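Colleague: Just my_file_27.txt, nothing more (compact mmCIF, N, CA and C atoms):
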```txt
# COMPACT_ATOMS: atom_id res chain seq x y z
N MET A 4 -30.62 1.82 11.25
CA MET A 4 -29.93 0.71 10.61
C MET A 4 -28.63 0.45 11.36
N SER A 5 -28.32 -0.80 11.57
CA SER A 5 -27.12 -1.15 12.32
C SER A 5 -25.88 -1.13 11.43
N ASP A 6 -24.74 -1.06 12.10
CA ASP A 6 -23.48 -1.14 11.38
C ASP A 6 -23.27 -2.57 10.90
N ILE A 7 -22.61 -2.68 9.78
CA ILE A 7 -22.23 -3.98 9.23
C ILE A 7 -20.72 -3.99 9.10
N THR A 8 -20.08 -5.03 9.65
CA THR A 8 -18.64 -5.18 9.57
C THR A 8 -18.34 -6.43 8.76
N ARG A 9 -17.48 -6.30 7.79
CA ARG A 9 -17.10 -7.43 6.92
C ARG A 9 -15.65 -7.80 7.21
N ILE A 10 -15.40 -9.10 7.31
CA ILE A 10 -14.07 -9.61 7.62
C ILE A 10 -13.55 -10.40 6.42
N GLU A 11 -12.33 -10.09 6.03
CA GLU A 11 -11.67 -10.75 4.90
C GLU A 11 -12.57 -10.70 3.67
N THR A 12 -12.83 -9.46 3.24
CA THR A 12 -13.71 -9.21 2.11
C THR A 12 -12.94 -9.26 0.80
N GLY A 13 -13.52 -9.94 -0.15
CA GLY A 13 -12.96 -10.01 -1.50
C GLY A 13 -13.98 -9.50 -2.50
N THR A 14 -13.72 -9.69 -3.76
CA THR A 14 -14.62 -9.25 -4.81
C THR A 14 -15.94 -9.99 -4.75
N ARG A 15 -15.89 -11.29 -4.50
CA ARG A 15 -17.08 -12.13 -4.55
C ARG A 15 -17.80 -12.25 -3.21
N MET A 16 -17.05 -12.27 -2.12
CA MET A 16 -17.68 -12.52 -0.82
C MET A 16 -16.77 -12.10 0.32
N SER A 17 -17.36 -12.02 1.49
CA SER A 17 -16.61 -11.84 2.73
C SER A 17 -16.58 -13.18 3.44
N ARG A 18 -15.52 -13.47 4.15
CA ARG A 18 -15.46 -14.74 4.89
C ARG A 18 -16.33 -14.69 6.12
N ALA A 19 -16.60 -13.47 6.64
CA ALA A 19 -17.50 -13.30 7.77
C ALA A 19 -18.12 -11.91 7.70
N VAL A 20 -19.37 -11.82 8.20
CA VAL A 20 -20.07 -10.54 8.27
C VAL A 20 -20.73 -10.45 9.64
N ILE A 21 -20.54 -9.29 10.28
CA ILE A 21 -21.16 -9.04 11.58
C ILE A 21 -22.28 -8.02 11.38
N ALA A 22 -23.49 -8.37 11.84
CA ALA A 22 -24.63 -7.46 11.74
C ALA A 22 -25.63 -7.78 12.84
N ASN A 23 -26.14 -6.75 13.50
CA ASN A 23 -27.18 -6.91 14.52
C ASN A 23 -26.83 -7.93 15.60
N GLY A 24 -25.56 -7.99 15.98
CA GLY A 24 -25.14 -8.90 17.04
C GLY A 24 -24.90 -10.33 16.58
N PHE A 25 -25.05 -10.59 15.29
CA PHE A 25 -24.81 -11.91 14.73
C PHE A 25 -23.53 -11.92 13.90
N VAL A 26 -22.90 -13.08 13.83
CA VAL A 26 -21.74 -13.28 12.97
C VAL A 26 -22.10 -14.39 11.99
N PHE A 27 -22.09 -14.05 10.72
CA PHE A 27 -22.43 -14.99 9.65
C PHE A 27 -21.14 -15.38 8.93
N LEU A 28 -20.81 -16.66 8.93
CA LEU A 28 -19.60 -17.11 8.24
C LEU A 28 -19.95 -17.69 6.88
N ALA A 29 -19.09 -17.43 5.92
CA ALA A 29 -19.19 -18.11 4.63
C ALA A 29 -18.85 -19.58 4.84
N GLY A 30 -19.17 -20.41 3.88
CA GLY A 30 -18.83 -21.82 3.98
C GLY A 30 -17.33 -22.02 4.06
N GLN A 31 -16.91 -22.85 5.00
CA GLN A 31 -15.49 -23.14 5.20
C GLN A 31 -15.19 -24.55 4.71
N VAL A 32 -14.10 -24.71 4.00
CA VAL A 32 -13.70 -26.01 3.47
C VAL A 32 -12.27 -26.32 3.89
N GLY A 33 -11.92 -27.59 3.81
CA GLY A 33 -10.57 -28.03 4.14
C GLY A 33 -9.73 -28.20 2.89
N GLU A 34 -8.59 -28.84 3.09
CA GLU A 34 -7.65 -29.10 2.00
C GLU A 34 -8.25 -30.11 1.04
N PRO A 35 -8.42 -29.74 -0.24
CA PRO A 35 -8.97 -30.69 -1.20
C PRO A 35 -8.15 -31.98 -1.26
N GLY A 36 -8.84 -33.10 -1.29
CA GLY A 36 -8.18 -34.39 -1.41
C GLY A 36 -7.82 -35.05 -0.10
N SER A 37 -7.83 -34.32 1.02
CA SER A 37 -7.53 -34.96 2.30
C SER A 37 -8.77 -35.70 2.80
N SER A 38 -8.62 -36.47 3.87
CA SER A 38 -9.71 -37.29 4.37
C SER A 38 -10.86 -36.44 4.88
N VAL A 39 -12.02 -37.04 5.04
CA VAL A 39 -13.19 -36.33 5.59
C VAL A 39 -12.86 -35.80 6.98
N ALA A 40 -12.22 -36.62 7.81
CA ALA A 40 -11.87 -36.18 9.16
C ALA A 40 -10.93 -34.98 9.11
N ASP A 41 -9.90 -35.05 8.27
CA ASP A 41 -8.95 -33.94 8.17
C ASP A 41 -9.62 -32.68 7.63
N GLN A 42 -10.45 -32.82 6.60
CA GLN A 42 -11.15 -31.66 6.06
C GLN A 42 -12.07 -31.05 7.11
N THR A 43 -12.74 -31.89 7.89
CA THR A 43 -13.63 -31.38 8.94
C THR A 43 -12.82 -30.61 9.98
N ARG A 44 -11.69 -31.16 10.42
CA ARG A 44 -10.83 -30.46 11.38
C ARG A 44 -10.37 -29.11 10.82
N GLU A 45 -9.99 -29.09 9.54
CA GLU A 45 -9.53 -27.85 8.92
C GLU A 45 -10.67 -26.82 8.84
N CYS A 46 -11.87 -27.27 8.48
CA CYS A 46 -13.03 -26.37 8.46
C CYS A 46 -13.25 -25.76 9.83
N LEU A 47 -13.23 -26.59 10.84
CA LEU A 47 -13.51 -26.12 12.20
C LEU A 47 -12.42 -25.19 12.72
N ALA A 48 -11.19 -25.42 12.33
CA ALA A 48 -10.11 -24.50 12.70
C ALA A 48 -10.34 -23.13 12.06
N LYS A 49 -10.78 -23.12 10.81
CA LYS A 49 -11.07 -21.86 10.13
C LYS A 49 -12.25 -21.16 10.79
N VAL A 50 -13.26 -21.93 11.19
CA VAL A 50 -14.41 -21.36 11.90
C VAL A 50 -13.93 -20.68 13.18
N GLU A 51 -13.12 -21.37 13.96
CA GLU A 51 -12.61 -20.79 15.21
C GLU A 51 -11.83 -19.50 14.96
N ASP A 52 -11.00 -19.50 13.93
CA ASP A 52 -10.19 -18.32 13.60
C ASP A 52 -11.09 -17.14 13.22
N LEU A 53 -12.08 -17.37 12.38
CA LEU A 53 -12.97 -16.29 11.97
C LEU A 53 -13.82 -15.78 13.13
N LEU A 54 -14.30 -16.70 13.96
CA LEU A 54 -15.07 -16.26 15.13
C LEU A 54 -14.22 -15.40 16.04
N ALA A 55 -12.95 -15.76 16.23
CA ALA A 55 -12.05 -14.95 17.07
C ALA A 55 -11.86 -13.56 16.45
N LYS A 56 -11.69 -13.50 15.14
CA LYS A 56 -11.53 -12.20 14.48
C LYS A 56 -12.78 -11.34 14.64
N ALA A 57 -13.94 -12.00 14.76
CA ALA A 57 -15.21 -11.28 14.94
C ALA A 57 -15.46 -10.91 16.39
N GLY A 58 -14.65 -11.46 17.30
CA GLY A 58 -14.82 -11.15 18.72
C GLY A 58 -15.73 -12.11 19.46
N THR A 59 -15.84 -13.33 18.98
CA THR A 59 -16.68 -14.33 19.64
C THR A 59 -15.97 -15.68 19.60
N ASP A 60 -16.67 -16.75 19.95
CA ASP A 60 -16.04 -18.08 19.96
C ASP A 60 -17.09 -19.16 19.72
N LYS A 61 -16.64 -20.40 19.68
CA LYS A 61 -17.52 -21.50 19.31
C LYS A 61 -18.62 -21.79 20.33
N THR A 62 -18.52 -21.27 21.54
CA THR A 62 -19.60 -21.44 22.51
C THR A 62 -20.80 -20.56 22.16
N LYS A 63 -20.62 -19.64 21.23
CA LYS A 63 -21.68 -18.71 20.84
C LYS A 63 -22.30 -19.05 19.48
N ILE A 64 -21.97 -20.23 18.95
CA ILE A 64 -22.58 -20.66 17.68
C ILE A 64 -24.04 -21.02 17.94
N VAL A 65 -24.93 -20.47 17.13
CA VAL A 65 -26.36 -20.76 17.30
C VAL A 65 -26.91 -21.66 16.21
N SER A 66 -26.26 -21.68 15.06
CA SER A 66 -26.76 -22.50 13.95
C SER A 66 -25.60 -22.92 13.06
N THR A 67 -25.67 -24.15 12.57
CA THR A 67 -24.64 -24.67 11.68
C THR A 67 -25.30 -25.48 10.57
N GLN A 68 -24.81 -25.28 9.36
CA GLN A 68 -25.18 -26.13 8.23
C GLN A 68 -23.92 -26.86 7.80
N ILE A 69 -24.02 -28.16 7.63
CA ILE A 69 -22.88 -28.94 7.17
C ILE A 69 -23.29 -29.66 5.89
N TRP A 70 -22.49 -29.48 4.88
CA TRP A 70 -22.70 -30.17 3.61
C TRP A 70 -21.60 -31.20 3.43
N VAL A 71 -21.97 -32.44 3.16
CA VAL A 71 -21.00 -33.49 2.85
C VAL A 71 -21.25 -33.95 1.43
N ALA A 72 -20.18 -34.27 0.73
CA ALA A 72 -20.31 -34.71 -0.65
C ALA A 72 -20.93 -36.10 -0.74
N ASP A 73 -20.77 -36.89 0.33
CA ASP A 73 -21.29 -38.26 0.35
C ASP A 73 -21.73 -38.59 1.77
N MET A 74 -23.01 -38.89 1.95
CA MET A 74 -23.53 -39.20 3.29
C MET A 74 -22.88 -40.45 3.88
N ALA A 75 -22.17 -41.22 3.08
CA ALA A 75 -21.41 -42.35 3.63
C ALA A 75 -20.32 -41.85 4.57
N ASP A 76 -19.96 -40.57 4.46
CA ASP A 76 -18.93 -39.97 5.32
C ASP A 76 -19.50 -39.29 6.56
N PHE A 77 -20.81 -39.40 6.78
CA PHE A 77 -21.50 -38.73 7.87
C PHE A 77 -20.89 -39.08 9.23
N ALA A 78 -20.68 -40.36 9.50
CA ALA A 78 -20.16 -40.78 10.81
C ALA A 78 -18.74 -40.26 11.04
N GLU A 79 -17.89 -40.29 10.00
CA GLU A 79 -16.51 -39.81 10.14
C GLU A 79 -16.49 -38.31 10.43
N MET A 80 -17.33 -37.55 9.73
CA MET A 80 -17.43 -36.11 9.99
C MET A 80 -17.96 -35.86 11.40
N ASN A 81 -19.00 -36.59 11.79
CA ASN A 81 -19.60 -36.40 13.12
C ASN A 81 -18.63 -36.70 14.25
N ALA A 82 -17.75 -37.65 14.08
CA ALA A 82 -16.77 -37.98 15.13
C ALA A 82 -15.90 -36.75 15.43
N VAL A 83 -15.49 -36.05 14.39
CA VAL A 83 -14.68 -34.85 14.57
C VAL A 83 -15.53 -33.73 15.16
N TRP A 84 -16.72 -33.54 14.61
CA TRP A 84 -17.63 -32.50 15.11
C TRP A 84 -17.93 -32.70 16.59
N ASP A 85 -18.30 -33.92 16.97
CA ASP A 85 -18.68 -34.19 18.36
C ASP A 85 -17.55 -33.90 19.34
N ALA A 86 -16.31 -34.16 18.92
CA ALA A 86 -15.16 -33.89 19.79
C ALA A 86 -14.87 -32.39 19.87
N TRP A 87 -15.30 -31.62 18.88
CA TRP A 87 -15.00 -30.19 18.80
C TRP A 87 -16.02 -29.33 19.54
N VAL A 88 -17.29 -29.71 19.50
CA VAL A 88 -18.34 -28.88 20.10
C VAL A 88 -18.22 -28.92 21.63
N PRO A 89 -18.15 -27.76 22.28
CA PRO A 89 -18.06 -27.74 23.74
C PRO A 89 -19.33 -28.32 24.37
N GLU A 90 -19.15 -29.13 25.38
CA GLU A 90 -20.30 -29.75 26.06
C GLU A 90 -21.27 -28.67 26.52
N GLY A 91 -22.54 -28.90 26.23
CA GLY A 91 -23.57 -27.95 26.61
C GLY A 91 -23.77 -26.80 25.66
N HIS A 92 -23.02 -26.75 24.56
CA HIS A 92 -23.09 -25.64 23.61
C HIS A 92 -23.38 -26.09 22.19
N ALA A 93 -24.04 -27.24 22.02
CA ALA A 93 -24.36 -27.71 20.67
C ALA A 93 -25.37 -26.77 20.02
N PRO A 94 -25.08 -26.29 18.82
CA PRO A 94 -26.01 -25.39 18.13
C PRO A 94 -27.12 -26.17 17.43
N ALA A 95 -28.12 -25.44 16.95
CA ALA A 95 -29.06 -26.04 16.00
C ALA A 95 -28.23 -26.43 14.78
N ARG A 96 -28.53 -27.57 14.15
CA ARG A 96 -27.67 -28.03 13.07
C ARG A 96 -28.46 -28.80 12.04
N ALA A 97 -28.08 -28.63 10.79
CA ALA A 97 -28.61 -29.43 9.70
C ALA A 97 -27.43 -29.95 8.89
N THR A 98 -27.54 -31.17 8.40
CA THR A 98 -26.51 -31.76 7.55
C THR A 98 -27.18 -32.33 6.31
N GLY A 99 -26.60 -32.05 5.16
CA GLY A 99 -27.14 -32.57 3.92
C GLY A 99 -26.03 -33.00 2.99
N GLU A 100 -26.42 -33.75 1.98
CA GLU A 100 -25.47 -34.19 0.96
C GLU A 100 -25.59 -33.25 -0.23
N SER A 101 -24.44 -32.83 -0.76
CA SER A 101 -24.44 -31.90 -1.88
C SER A 101 -23.13 -32.02 -2.66
N ALA A 102 -23.23 -31.81 -3.96
CA ALA A 102 -22.01 -31.67 -4.75
C ALA A 102 -21.37 -30.35 -4.33
N LEU A 103 -20.11 -30.38 -3.95
CA LEU A 103 -19.40 -29.18 -3.51
C LEU A 103 -18.67 -28.55 -4.70
N ALA A 104 -18.01 -27.43 -4.48
CA ALA A 104 -17.40 -26.65 -5.55
C ALA A 104 -16.32 -27.41 -6.33
N SER A 105 -15.72 -28.40 -5.71
CA SER A 105 -14.67 -29.19 -6.34
C SER A 105 -14.87 -30.65 -5.93
N PRO A 106 -14.62 -31.60 -6.83
CA PRO A 106 -14.81 -33.01 -6.48
C PRO A 106 -13.90 -33.49 -5.35
N GLU A 107 -12.80 -32.77 -5.09
CA GLU A 107 -11.87 -33.16 -4.02
C GLU A 107 -12.34 -32.68 -2.65
N LEU A 108 -13.35 -31.81 -2.61
CA LEU A 108 -13.89 -31.33 -1.35
C LEU A 108 -14.94 -32.30 -0.85
N LYS A 109 -14.89 -32.60 0.44
CA LYS A 109 -15.80 -33.58 1.03
C LYS A 109 -16.72 -32.98 2.07
N VAL A 110 -16.36 -31.81 2.64
CA VAL A 110 -17.14 -31.19 3.71
C VAL A 110 -17.09 -29.67 3.54
N GLU A 111 -18.24 -29.02 3.78
CA GLU A 111 -18.30 -27.57 3.87
C GLU A 111 -19.17 -27.22 5.07
N ILE A 112 -18.70 -26.30 5.89
CA ILE A 112 -19.40 -25.94 7.12
C ILE A 112 -19.71 -24.45 7.12
N ILE A 113 -20.98 -24.13 7.40
CA ILE A 113 -21.48 -22.76 7.44
C ILE A 113 -22.01 -22.51 8.86
N VAL A 114 -21.57 -21.42 9.47
CA VAL A 114 -21.89 -21.15 10.87
C VAL A 114 -22.48 -19.76 11.05
N THR A 115 -23.44 -19.67 11.96
CA THR A 115 -23.94 -18.38 12.44
C THR A 115 -23.75 -18.38 13.95
N ALA A 116 -23.17 -17.30 14.46
CA ALA A 116 -22.92 -17.16 15.90
C ALA A 116 -23.40 -15.80 16.37
N VAL A 117 -23.40 -15.60 17.67
CA VAL A 117 -23.71 -14.29 18.25
C VAL A 117 -22.45 -13.75 18.91
N LEU A 118 -22.46 -12.44 19.10
CA LEU A 118 -21.31 -11.80 19.76
C LEU A 118 -21.36 -12.01 21.25
```
How does the structure come out when it is put into structure tokens?
Modeller:
Amino acid sequence: MSDITRIETGTRMSRAVIANGFVFLAGQVGEPGSSVADQTRECLAKVEDLLAKAGTDKTKIVSTQIWVADMADFAEMNAVWDAWVPEGHAPARATGESALASPELKVEIIVTAVL
């Protein structure tokens, strides 16, 4: 059995877990009430920070799930995402519409990366 490392662990969840060469991030959200673009930038900044703490970076992301509260915001979120993803390193990705934990949240991003 491999070692499991948990990063920023609380009672309910860890913000990141490293196992078998993979880094699994919990869903990252931005500042409630800010624009879709701003929330997306904040999510991605948190992703970068957690990946760095795990010893990897955004070029090693293999899969991403993005949840938006309203698909009408898809293009605004994608504009930020497209500018953030390093050329040649786009991960497998799915995007769906979902009610998020708070009505002020517009975007949640879940990432899996490798070390």
Colleague: Near Val71 in chain A, counting only N, CA and C atoms, which residues have an atom at most 5 Å away, once you skip same-chain residues fewer than 3 positions from it, shown as a VMD selection string?
Modeller: chain A and resid 99 to 101 109 to 110
Colleague: If you count only N, CA and C atoms, which residues fall within 7 Å of Lys61 in chain A, apart from same-chain ones fewer than 6 positions away, as a VMD selection string?
Modeller: chain A and resid 51 54 to 55 89 92
Colleague: Check the smallest atom-to-atom distance from each of A:Ala22, A:Ile69, A:Ala40, A:Ala29 to Ala82 in chain A using only C-alpha atoms, then report the winner.
Modeller: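 Counting only C-alpha atoms, the residue closest to Ala82 in chain A is A:Ala40.
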Colleague: Which one of A:Asp52, A:Glu45, A:Glu34, A:Asp60 sits closest to Val88 in chain A if you count only C-alpha atoms?
Modeller: A:Asp60
Colleague: Write out as a list of chain:residue names which residues come within 12 Å of Val50 in chain A when counting only C-alpha atoms, dropping same-chain ones fewer than 6 positions away.
Modeller: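 The residues satisfying every condition are A:Arg18, A:Ala19, A:Val26, A:Phe27, A:Leu28, A:Ala29, A:Gly30, A:Gln31, A:Val32, A:Gly33, A:Thr43, A:Arg44, A:Lys56, A:Ala57, A:Thr59, A:Asp60, A:Lys61, A:Thr62, A:Lys63, A:Ile64, A:Thr67, A:Trp87, A:Val88, A:Glu111, A:Ile112, A:Ile113, A:Val114, A:Thr115, A:Ala116.
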Colleague: Padding 8 Å on each side, edges along x, y and z: where is the centre of the box around the listed atoms of range 96-107 of chain A, and how long are its edges in Å to one decimal? Output it as AutoDock Vina command-line options.
Modeller:
```
--center_x -20.2 --center_y -30.4 --center_z 3.7 --size_x 32.7 --size_y 23.5 --size_z 37.0
```
Colleague: Determine the nearest neighbour of Gly24 in chain A from the options A:Ile10, A:Val117, A:Ala97, A:Ala104, counting only N, CA and C atoms.
Modeller: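 Distance minimum relative to Gly24 in chain A lands on A:Val117.
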Colleague: Between CA of Ala86 in chain A and CA of Leu47 in chain A, what is the distance in Å, rounded to a tenth?
Modeller: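 Atom-to-atom, CA of Ala86 in chain A and CA of Leu47 in chain A are spaced 11.0 Å apart.
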Colleague: Taking all atoms listed in the file into account, which of A:Ser38, A:Trp70, A:Glu11, A:Glu79 comes nearest Thr98 in chain A?
Modeller: A:Trp70
Colleague: Quote the spacing between atom N of Leu103 in chain A and CA of Phe77 in chain A in Å to one decimal place.
Modeller: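 So the two atoms, atom N of Leu103 in chain A and CA of Phe77 in chain A, lie 14.5 Å apart.
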Colleague: Between atom C of Leu108 in chain A and CA of Pro35 in chain A, what is the spacing in Å?
Modeller: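 For CA of Pro35 in chain A relative to atom C of Leu108 in chain A, the distance reads 6.2 Å.
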Colleague: Looking at only C-alpha atoms, which of A:Leu53, A:Glu107, A:Ser5, A:Met80 is the one that sits closest to Ser17 in chain A?
Modeller: A:Leu53
Colleague: Just the alpha helix (DSSP H) stuff from range 9-71 of chain A, please, per backbone DSSP, written as number ranges by chain.
Modeller: A: 39-57
Colleague: Out of A:Glu90, A:Ile21, A:Arg96, A:Val83, which residue has the shortest atom-to-atom distance to Gln42 in chain A when counting only C-alpha atoms?
Modeller: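 Using only C-alpha atoms, the shortest distance to Gln42 in chain A belongs to A:Val83.
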Colleague: Which of range 8-104 of chain A counts as strand (DSSP E) under DSSP, as a ChimeraX atom specification please?
Modeller: /A:8-12,17-22,25-28,31-32,64-71,95-100
